[in-house]
Every structure is written in structure tokens, then in C-alpha cells.
file model.cif (mmCIF, C-alpha atoms and all ligand atoms)
data_structure
loop_
_atom_site.label_atom_id
_atom_site.label_comp_id
_atom_site.auth_asym_id
_atom_site.auth_seq_id
_atom_site.Cartn_x
_atom_site.Cartn_y
_atom_site.Cartn_z
CA MET A 125 3.19 -30.55 14.30
CA VAL A 126 0.06 -28.69 13.18
CA GLN A 127 0.16 -28.02 9.44
CA PRO A 128 -0.03 -24.22 8.89
CA THR A 129 -2.79 -22.90 6.63
CA THR A 130 -1.26 -21.85 3.34
CA LEU A 131 -2.33 -18.71 1.48
CA GLY A 132 -3.76 -20.89 -1.27
CA GLU A 133 -5.88 -22.88 1.18
CA PHE A 134 -6.98 -19.67 2.92
CA ILE A 135 -8.08 -18.04 -0.36
CA VAL A 136 -10.21 -21.09 -1.26
CA GLU A 137 -11.60 -21.48 2.31
CA ASN A 138 -12.67 -17.82 2.36
CA GLN A 139 -13.94 -17.62 -1.19
CA LYS A 140 -17.44 -18.15 0.21
CA ASP A 141 -17.12 -14.77 2.02
CA PHE A 142 -16.91 -13.10 -1.34
CA PRO A 143 -20.31 -12.49 -2.94
CA PHE A 144 -20.72 -13.65 -6.54
CA ALA A 145 -17.37 -15.41 -6.11
CA THR A 146 -16.72 -17.24 -9.33
CA GLY A 147 -13.16 -17.99 -8.32
CA ASP A 148 -11.83 -15.14 -10.45
CA LEU A 149 -10.67 -13.09 -7.47
CA SER A 150 -9.09 -16.19 -5.96
CA HIS A 151 -7.19 -16.83 -9.18
CA LEU A 152 -6.16 -13.17 -9.29
CA LEU A 153 -4.80 -13.35 -5.73
CA THR A 154 -2.94 -16.52 -6.75
CA SER A 155 -1.17 -14.68 -9.57
CA ILE A 156 -0.14 -11.96 -7.11
CA ARG A 157 1.14 -14.63 -4.71
CA LEU A 158 3.31 -16.13 -7.47
CA ALA A 159 4.72 -12.76 -8.56
CA ALA A 160 5.55 -11.89 -4.94
CA LYS A 161 7.67 -15.05 -4.65
CA VAL A 162 9.56 -14.23 -7.85
CA VAL A 163 10.22 -10.62 -6.77
CA ASN A 164 11.28 -11.87 -3.33
CA ARG A 165 13.82 -14.20 -4.93
CA GLU A 166 15.27 -11.42 -7.08
CA ILE A 167 15.45 -8.99 -4.14
CA ASN A 168 17.13 -11.54 -1.90
CA LYS A 169 19.91 -12.18 -4.40
CA ALA A 170 20.10 -8.61 -5.73
CA GLY A 171 23.44 -7.98 -4.07
CA LEU A 172 24.90 -10.88 -6.01
CA ALA A 173 23.45 -10.43 -9.46
CA ASP A 174 24.08 -7.37 -11.58
CA ILE A 175 20.64 -6.03 -10.74
CA LEU A 176 21.34 -3.32 -8.20
CA GLY A 177 21.40 0.32 -9.08
CA ALA A 178 19.60 2.62 -11.42
CA MET A 179 18.49 1.89 -14.96
CA GLY A 180 19.82 5.26 -16.02
CA GLN A 181 16.27 6.46 -16.71
CA ASP A 182 13.53 8.16 -14.72
CA ASN A 183 10.02 6.83 -14.21
CA ILE A 184 7.01 9.08 -14.74
CA GLN A 185 7.44 10.40 -11.22
CA GLY A 186 10.81 11.76 -12.31
CA GLU A 187 12.44 9.35 -9.88
CA ALA A 188 15.55 7.43 -10.89
CA GLN A 189 14.19 4.05 -11.91
CA GLN A 190 15.97 1.23 -10.11
CA LYS A 191 16.54 -2.05 -11.96
CA LEU A 192 14.53 -3.94 -9.32
CA ASP A 193 11.64 -1.48 -9.82
CA VAL A 194 11.52 -2.48 -13.48
CA MET A 195 11.90 -6.18 -12.68
CA ALA A 196 9.08 -6.01 -10.13
CA ASN A 197 6.81 -4.09 -12.50
CA ASP A 198 7.44 -6.57 -15.34
CA THR A 199 6.96 -9.57 -13.03
CA PHE A 200 3.62 -8.42 -11.62
CA MET A 201 2.42 -7.21 -15.04
CA ARG A 202 3.21 -10.62 -16.57
CA ALA A 203 1.53 -12.50 -13.70
CA LEU A 204 -1.59 -10.32 -13.85
CA ARG A 205 -1.87 -10.78 -17.61
CA SER A 206 -1.32 -14.54 -17.43
CA MET A 207 -4.41 -15.55 -15.47
CA GLY A 208 -7.14 -13.83 -17.53
CA GLN A 209 -9.07 -12.15 -14.66
CA VAL A 210 -7.62 -8.66 -15.24
CA CYS A 211 -8.42 -6.29 -18.12
CA GLY A 212 -5.93 -3.58 -17.20
CA VAL A 213 -3.29 -2.38 -14.71
CA GLY A 214 -2.25 1.03 -13.41
CA SER A 215 1.30 1.10 -12.06
CA GLU A 216 3.58 3.65 -10.43
CA GLU A 217 6.13 2.66 -13.07
CA GLU A 218 3.84 3.28 -16.07
CA GLU A 219 2.78 6.77 -17.20
CA HIS A 220 -0.55 5.47 -18.54
CA TYR A 221 -2.66 2.48 -17.51
CA ILE A 222 -1.84 -0.73 -19.38
CA SER A 223 -4.84 -2.22 -21.19
CA PHE A 224 -4.85 -5.98 -21.79
CA ASP A 225 -6.75 -5.43 -25.02
CA ASP A 226 -7.50 -8.84 -26.51
CA ASP A 227 -10.64 -10.99 -26.70
CA ILE A 228 -9.91 -12.90 -23.51
CA HIS A 229 -8.87 -9.97 -21.30
CA ARG A 230 -11.62 -7.64 -22.52
CA GLU A 231 -14.07 -10.08 -20.86
CA ALA A 232 -12.18 -9.86 -17.52
CA LYS A 233 -13.94 -8.07 -14.67
CA TYR A 234 -11.07 -6.72 -12.54
CA VAL A 235 -8.56 -3.92 -12.78
CA VAL A 236 -5.45 -3.68 -10.58
CA LEU A 237 -3.48 -0.66 -9.36
CA MET A 238 -0.02 -1.26 -7.94
CA ASP A 239 3.21 0.13 -6.67
CA PRO A 240 5.38 -2.81 -7.70
CA LEU A 241 8.33 -1.89 -5.52
CA ASP A 242 7.73 0.83 -2.94
CA GLY A 243 10.66 2.31 -1.04
CA SER A 244 13.01 1.66 -3.93
CA SER A 245 15.45 4.32 -2.69
CA ASN A 246 16.29 1.76 0.01
CA ILE A 247 17.04 -1.06 -2.42
CA ASP A 248 20.80 -0.63 -2.68
CA VAL A 249 21.28 -0.34 1.08
CA ASN A 250 19.46 -3.55 1.96
CA VAL A 251 16.57 -1.92 3.78
CA SER A 252 13.16 -3.57 3.44
CA VAL A 253 10.93 -2.59 0.52
CA GLY A 254 7.42 -3.59 -0.48
CA THR A 255 4.73 -4.10 -3.12
CA ILE A 256 1.28 -2.54 -2.73
CA PHE A 257 -1.79 -3.59 -4.75
CA SER A 258 -5.43 -2.58 -5.05
CA ILE A 259 -8.18 -4.46 -6.91
CA TYR A 260 -11.46 -3.06 -8.31
CA ARG A 261 -14.24 -4.44 -10.49
CA ARG A 262 -14.25 -2.61 -13.81
CA ILE A 263 -17.23 -0.24 -14.21
CA THR A 264 -17.25 -0.08 -18.03
CA PRO A 265 -18.94 -2.94 -19.92
CA THR A 266 -17.01 -6.21 -20.26
CA GLY A 267 -16.10 -6.95 -23.86
CA THR A 268 -14.87 -3.38 -24.35
CA PRO A 269 -11.34 -2.06 -23.75
CA VAL A 270 -10.73 -0.84 -20.21
CA THR A 271 -10.85 2.94 -19.77
CA LEU A 272 -9.31 5.45 -17.32
CA GLU A 273 -12.72 5.62 -15.62
CA ASP A 274 -12.22 2.01 -14.44
CA PHE A 275 -9.11 3.12 -12.50
CA LEU A 276 -10.41 6.42 -11.08
CA GLN A 277 -12.78 4.86 -8.54
CA PRO A 278 -12.94 5.94 -4.86
CA GLY A 279 -11.10 3.63 -2.47
CA ASP A 280 -14.40 2.51 -0.91
CA ALA A 281 -15.05 0.58 -4.16
CA GLN A 282 -12.01 -1.68 -3.73
CA VAL A 283 -12.82 -5.42 -3.65
CA ALA A 284 -9.37 -6.34 -2.30
CA ALA A 285 -6.08 -4.72 -1.32
CA GLY A 286 -2.79 -5.89 0.07
CA TYR A 287 0.92 -5.49 0.33
CA VAL A 288 4.06 -7.61 0.37
CA VAL A 289 6.90 -6.56 2.69
CA TYR A 290 10.29 -7.96 1.67
CA GLY A 291 11.95 -7.67 5.07
CA SER A 292 13.71 -9.93 7.58
CA SER A 293 10.97 -12.28 6.48
CA THR A 294 8.69 -11.80 3.50
CA MET A 295 5.02 -11.31 4.33
CA LEU A 296 1.87 -10.87 2.27
CA VAL A 297 -0.96 -9.04 4.07
CA TYR A 298 -4.36 -8.57 2.41
CA THR A 299 -8.06 -7.95 2.86
CA THR A 300 -11.15 -8.64 0.75
CA GLY A 301 -13.32 -6.65 3.16
CA ASN A 302 -13.63 -9.42 5.75
CA GLY A 303 -10.73 -8.53 8.03
CA VAL A 304 -6.96 -8.50 7.48
CA ASN A 305 -4.75 -11.60 7.43
CA GLY A 306 -0.97 -11.92 7.19
CA PHE A 307 1.02 -14.74 5.60
CA THR A 308 4.74 -15.34 6.06
CA LEU A 309 6.76 -16.95 3.29
CA ASP A 310 8.45 -20.19 4.34
CA PRO A 311 11.42 -20.10 1.96
CA SER A 312 12.22 -23.75 2.60
CA ILE A 313 9.02 -24.78 0.82
CA GLY A 314 8.24 -21.56 -1.09
CA VAL A 315 4.78 -21.25 0.49
CA PHE A 316 3.07 -18.32 2.24
CA CYS A 317 1.71 -19.61 5.58
CA LEU A 318 -0.97 -17.92 7.71
CA SER A 319 0.98 -16.28 10.55
CA HIS A 320 -1.15 -13.26 11.54
CA ARG A 321 -4.88 -14.11 11.60
CA ASP A 322 -7.44 -11.27 11.79
CA MET A 323 -4.93 -8.45 12.34
CA GLN A 324 -6.17 -5.52 14.46
CA ILE A 325 -4.19 -2.29 14.90
CA PRO A 326 -3.87 -1.12 18.55
CA LYS A 327 -6.23 1.81 19.27
CA SER A 328 -3.22 3.85 20.31
CA GLY A 329 0.53 3.51 20.42
CA ASN A 330 3.75 5.38 21.05
CA ILE A 331 5.38 5.42 17.60
CA TYR A 332 5.19 8.29 15.15
CA SER A 333 6.63 8.04 11.64
CA VAL A 334 7.41 11.22 9.68
CA ASN A 335 10.36 12.59 7.75
CA GLU A 336 11.33 15.31 10.22
CA GLY A 337 13.81 16.63 7.67
CA ASN A 338 10.78 18.33 6.09
CA TYR A 339 9.71 19.89 9.42
CA VAL A 340 10.17 23.51 8.35
CA HIS A 341 7.84 22.93 5.38
CA PHE A 342 5.00 21.36 7.38
CA PRO A 343 1.69 23.09 8.17
CA GLN A 344 1.70 24.60 11.70
CA GLY A 345 -0.73 21.95 12.97
CA VAL A 346 1.64 19.16 11.97
CA LYS A 347 4.58 20.96 13.61
CA GLU A 348 2.56 21.30 16.83
CA TYR A 349 1.53 17.63 16.72
CA ILE A 350 5.17 16.56 16.33
CA LYS A 351 6.07 18.72 19.34
CA TYR A 352 3.20 17.06 21.24
CA CYS A 353 4.68 13.64 20.40
CA GLN A 354 8.06 14.79 21.75
CA GLN A 355 6.84 16.34 25.03
CA PHE A 356 7.19 14.40 28.29
CA ASP A 357 3.90 13.16 29.70
CA ALA A 358 4.16 9.90 31.62
CA ALA A 359 0.39 9.37 31.71
CA SER A 360 0.13 9.25 27.91
CA GLY A 361 3.45 7.51 27.38
CA ARG A 362 5.13 10.49 25.78
CA PRO A 363 7.64 11.28 24.42
CA TYR A 364 6.73 8.82 21.67
CA THR A 365 9.39 6.95 19.75
CA SER A 366 10.25 8.27 16.28
CA ARG A 367 10.61 5.48 13.73
CA TYR A 368 10.93 6.28 10.01
CA ILE A 369 12.33 3.67 7.63
CA GLY A 370 11.60 5.61 4.44
CA SER A 371 9.71 2.60 3.11
CA LEU A 372 5.97 3.18 3.47
CA VAL A 373 5.10 -0.53 3.54
CA SER A 374 7.63 -1.22 6.31
CA ASP A 375 6.61 1.80 8.41
CA PHE A 376 2.93 0.93 7.93
CA HIS A 377 3.43 -2.78 8.73
CA ARG A 378 5.28 -2.02 11.98
CA ASN A 379 2.58 0.46 13.07
CA LEU A 380 -0.18 -2.03 12.15
CA ILE A 381 1.34 -4.56 14.54
CA LYS A 382 2.64 -2.30 17.33
CA GLY A 383 0.34 0.73 17.05
CA GLY A 384 1.48 4.08 15.74
CA VAL A 385 0.86 6.83 13.21
CA TYR A 386 2.50 7.56 9.84
CA LEU A 387 2.33 11.09 8.46
CA TYR A 388 3.20 12.39 5.03
CA PRO A 389 1.72 15.93 5.11
CA THR A 390 1.75 18.68 2.54
CA GLY A 391 4.87 20.82 2.41
CA THR A 392 6.40 23.27 -0.03
CA MET A 393 8.53 20.41 -1.37
CA ALA A 394 5.35 18.35 -1.88
CA PRO A 395 2.39 20.74 -2.16
CA ASN A 396 -0.12 17.84 -2.31
CA GLY A 397 1.93 15.45 -0.22
CA LYS A 398 4.12 12.80 -1.86
CA LEU A 399 2.16 9.58 -1.65
CA ARG A 400 -0.08 8.41 -4.48
CA LEU A 401 -3.76 8.03 -3.78
CA LEU A 402 -4.54 5.11 -6.10
CA TYR A 403 -1.78 2.59 -5.42
CA GLU A 404 -0.32 3.60 -2.04
CA CYS A 405 -2.94 5.41 0.09
CA ASN A 406 -6.17 3.65 -0.97
CA PRO A 407 -4.96 0.05 -0.51
CA LEU A 408 -3.34 0.78 2.87
CA ALA A 409 -6.41 2.77 3.95
CA PHE A 410 -8.66 -0.21 3.10
CA ILE A 411 -6.39 -2.49 5.13
CA VAL A 412 -6.09 -0.18 8.13
CA GLU A 413 -9.86 0.43 8.34
CA GLN A 414 -10.46 -3.33 8.15
CA ALA A 415 -7.98 -3.62 11.06
CA GLY A 416 -9.79 -0.94 13.11
CA GLY A 417 -7.55 1.98 12.18
CA THR A 418 -7.96 5.36 10.45
CA ALA A 419 -6.61 6.86 7.22
CA THR A 420 -7.24 10.44 6.07
CA ASN A 421 -5.79 13.28 4.04
CA GLY A 422 -5.94 15.40 7.20
CA LYS A 423 -9.60 16.23 6.62
CA GLN A 424 -11.44 13.37 4.87
CA ARG A 425 -11.30 9.58 4.85
CA ILE A 426 -8.88 8.52 2.13
CA LEU A 427 -11.40 5.96 0.87
CA GLU A 428 -14.00 8.67 0.14
CA LEU A 429 -11.75 10.75 -2.12
CA GLN A 430 -12.74 10.85 -5.81
CA PRO A 431 -9.52 10.41 -7.82
CA SER A 432 -9.01 12.73 -10.77
CA GLU A 433 -5.81 11.29 -12.22
CA LEU A 434 -3.83 8.06 -12.15
CA HIS A 435 -0.78 9.37 -10.25
CA GLU A 436 -2.58 11.84 -8.00
CA ARG A 437 -0.81 12.64 -4.73
CA VAL A 438 -2.54 13.34 -1.41
CA PRO A 439 -1.44 14.16 2.15
CA PHE A 440 -1.54 10.95 4.19
CA PHE A 441 -2.25 10.34 7.90
CA ILE A 442 -2.69 6.65 8.76
CA GLY A 443 -2.54 4.40 11.81
CA SER A 444 -4.01 3.92 15.29
CA PRO A 445 -7.36 5.74 15.43
CA GLU A 446 -6.65 7.66 18.64
CA MET A 447 -3.30 8.91 17.29
CA VAL A 448 -4.71 10.01 13.93
CA ASP A 449 -7.56 11.76 15.79
CA MET A 450 -5.03 13.64 17.93
CA ALA A 451 -3.11 14.73 14.84
CA HIS A 452 -6.41 15.98 13.36
CA ALA A 453 -7.09 17.99 16.53
CA PHE A 454 -3.81 19.86 16.03
CA LEU A 455 -4.49 20.35 12.31
CA ARG A 456 -7.92 21.86 13.09
CA ARG A 457 -6.58 24.03 15.89
CA TYR A 458 -3.92 25.62 13.64
CA GLU A 459 -5.80 25.32 10.33
CA GLU A 460 -5.76 28.97 9.38
CA GLU A 461 -2.06 29.35 10.10
P1 LIG A 501 10.77 10.79 1.85
C1 LIG A 501 9.31 5.82 -1.04
O1 LIG A 501 9.77 6.57 -2.15
C2 LIG A 501 8.02 6.48 -0.57
O2 LIG A 501 7.09 6.53 -1.59
C3 LIG A 501 7.49 5.72 0.64
O3 LIG A 501 7.76 4.36 0.58
C4 LIG A 501 8.19 6.38 1.80
O4 LIG A 501 7.46 6.34 3.01
C5 LIG A 501 8.32 7.83 1.32
O5 LIG A 501 8.31 7.80 -0.10
C6 LIG A 501 9.62 8.44 1.77
O6 LIG A 501 9.65 9.77 1.28
O7 LIG A 501 10.40 12.11 1.20
O8 LIG A 501 10.59 10.84 3.36
O9 LIG A 501 12.09 10.22 1.43
#
call {"tool": "encode", "arguments": {"input": "model.cif", "output": "C-alpha cells"}}
result
Amino acid sequence: MVQPTTLGEFIVENQKDFPFATGDLSHLLTSIRLAAKVVNREINKAGLADILGAMGQDNIQGEAQQKLDVMANDTFMRALRSMGQVCGVGSEEEEHYISFDDDIHREAKYVVLMDPLDGSSNIDVNVSVGTIFSIYRRITPTGTPVTLEDFLQPGDAQVAAGYVVYGSSTMLVYTTGNGVNGFTLDPSIGVFCLSHRDMQIPKSGNIYSVNEGNYVHFPQGVKEYIKYCQQFDAASGRPYTSRYIGSLVSDFHRNLIKGGVYLYPTGTMAPNGKLRLLYECNPLAFIVEQAGGTATNGKQRILELQPSELHERVPFFIGSPEMVDMAHAFLRRYEEE
């Protein structure tokens, strides 16, 4: 039997692709790998331990904080602090960025932005959830405490991005700008094994993912695009299939493999959209572009946007390039409406 390539082996083998690689990024990815295994273990036994349900407090988003959200945040924060390559972390679960302000960490050259457990509303009903992370080099001088400026960089400046999907199997998918690779956790040996080499999203597909419960609040162009998806047209494979898990990582991962488009537009309930630019949209946009796909806010590439605050929300259109382009055509046609 051919021995699968492990994530650890892959990181070392591909370190040469990373300019100025001093091994720091590799060590950083290793700490993320470890944290993902710990979170996976806790999620898999959540039904058994007293860890389901809300903490009885809200996070800064005003969303009921689930116990697993807090566990995941603490686990990744501890792992990122432990290896010494990171000087600070921005997290969905933390109002402000966390500075690792000691002599060792002030010399570190990376900052991380993360959504430690995305889709947490699905936790108690056993639907897949995920972790999303984004890695930048700090832009303020090493030796000084990290600043907000280090976190508010456009997505094009990312050096790495990835996600973990805790689903029927647990997968870690990431890019360092040289393509996208997927690793599946073999629970019998506790190792992530290369299972999806050089992932490429299909140019088109027949899946659209949107919360149609918000339909009445959508811009006219989005409404018209959804109708387009639902109309019969054998030549273009319509009507498309509607698939919406309510877990961004899971909806994105399925569309990355099968082809499709995920939409979270503006609406009166979410005037700027719901998804966060820094630790949801930017990392997935980096991944999808590396896989040949497209990610925009309906007008501009997500990766070009200049963030202005840590928890900034943006409208999000991501997936197969031909499907995102078609959605844009409807948005432009009905723009003034
Ligand atoms: P809605 C989960 O809270 C999340 O951030 C994404 O994972 C998911 O795609 C979206 O929000 C679901 O939002 O408004 O459709 O429930």
C-alpha cells in the first residue's frame, strides 16, 4: 500500500516554494494542524460531554456564544501562542485583536485572523461546522507590539489561508499561494493525509447557495439572478440545485469540489452583508482564486478591499467563475433599482 503524504511531510516538502522560508510559516501551519485535531476531538464527542449549548453570553457580534466556540477559540489561541511565530491574533470571538506582547512574540513576523468555529448555530444539531484562518506578515517593525494596522491589510497580502471542515470526515484545506491542497484526517492514526492535490473549482456548476428566507430583502439584481437559477433551460442545466447548509465552510467546500456559487448579499437585515471580510471572506477568496474561482463583494475582488475595522462585514459572492460572472451581470443590469 502506498504511504499517503501527511500534512507535515507536505509542509516541509513545499517549504521551498515559500520565499525567505525560514521554517516559521511551516511551524505556524503545524500549530494550526494540532489545534484542528483537538477541536475535532471535542466536536466529535460534544454530544456526550457537557459542552453543547450556549455559554449564556454573547460574543462581540451579539451572537449567543456556544461553548464549542469558546473552546475552539481558546484552543487555537493557545496553539498559535505556543510556537513563537505569531505576534498577535484577530478572532471572531474577541472584540479586539489579541497581542502576544512579550520579548519572544514581539520578534515574531506573522499575524493570524480566524473564525475559530464558523457555523456555530449548527453545533447542537450535528451539522458540519468549520474553522477559517488567514495569515499575514506583520507590517510594523518586529520588536514592537503588534498594532491594528498589522491586521487591516488587503486580502492580496495574505501569505497563507485555509479552513478546517469538521464534517463526515475532517479536512484541512489550505494555500500558501502555490495552489490549493486538501488533507483528510485519518482518525485511526490522528494524521492529516493528502487526499485532494491541487484542487481546482469547476468553471461552472449547477448549485447555488443562498438563504432564500432573506429573498424579499435582496437587491433586485440578486432576486433576478435567483429566478434565473430556478428557470428551466436544458442547455445550461437549469434549474440549478439549491443547497444551503448554513455553514459557510461546508457550503464553500462542496462548491469548491462540485462547482457552484455562494451568495450572501446585502439586505435590510444585513445592510453590509453578514460575512466578515478579514476572517471569512479574505481567506476563502484567496483559496478560491488559487483554485481558479472568483470572489467579490458584487463589484470588486474581495482581495482588493482595504479593511477599515477588524469585524467589518461585506457582501459576498464566491465560487465558479462563470456563475459569479452571471450573478454580476444581473447585479449590473438592475443596479439602480
Ligand atoms: P444565515 C454562520 O453564522 C455564518 O457566518 C456562515 O457560516 C453561514 O453561511 C451564514 O452565517 C448563515 O447565515 O443568515 O443564512 O443564517
call {"tool": "closest_atom_pairs", "arguments": {"input": "model.cif", "of": "chain A", "to": "ligand LIG 501 (chain A)", "cutoff": "6 Å", "atoms": "all atoms listed in the file", "output": "JSON lines"}}
result
{"residue": "A:Asp242", "atom": "CA", "partner": "A:LIG501", "partner_atom": "O3", "distance": 5.0}
{"residue": "A:Gly243", "atom": "CA", "partner": "A:LIG501", "partner_atom": "C1", "distance": 3.8}
{"residue": "A:Asn335", "atom": "CA", "partner": "A:LIG501", "partner_atom": "O8", "distance": 4.7}
{"residue": "A:Gly370", "atom": "CA", "partner": "A:LIG501", "partner_atom": "C6", "distance": 4.4}
{"residue": "A:Ser371", "atom": "CA", "partner": "A:LIG501", "partner_atom": "O3", "distance": 3.6}
{"residue": "A:Leu372", "atom": "CA", "partner": "A:LIG501", "partner_atom": "O4", "distance": 3.5}
{"residue": "A:Leu399", "atom": "CA", "partner": "A:LIG501", "partner_atom": "O2", "distance": 5.8}
call {"tool": "atom_distance", "arguments": {"input": "model.cif", "atom1": "CA of Pro265 in chain A", "atom2": "CA of Ala232 in chain A"}}
result
10.0 Å
call {"tool": "atom_distance", "arguments": {"input": "model.cif", "atom1": "CA of Ser319 in chain A", "atom2": "CA of Gly254 in chain A"}}
result
18.0 Å
call {"tool": "axis_aligned_box", "arguments": {"input": "model.cif", "around": "range 353-364 of chain A", "padding_each_side": "5 Å", "output": "JSON"}}
result
{"center_x": 4.1, "center_y": 11.9, "center_z": 26.1, "size_x": 17.9, "size_y": 18.8, "size_z": 21.3}
call {"tool": "atom_distance", "arguments": {"input": "model.cif", "atom1": "CA of Leu241 in chain A", "atom2": "CA of Gln209 in chain A"}}
result
22.2 Å
call {"tool": "closest_residue", "arguments": {"input": "model.cif", "among": "A:Asn379, A:Ser215, A:Ser206, A:Gln424", "to": "Ile184 in chain A", "atoms": "all atoms listed in the file"}}
result
A:Ser215
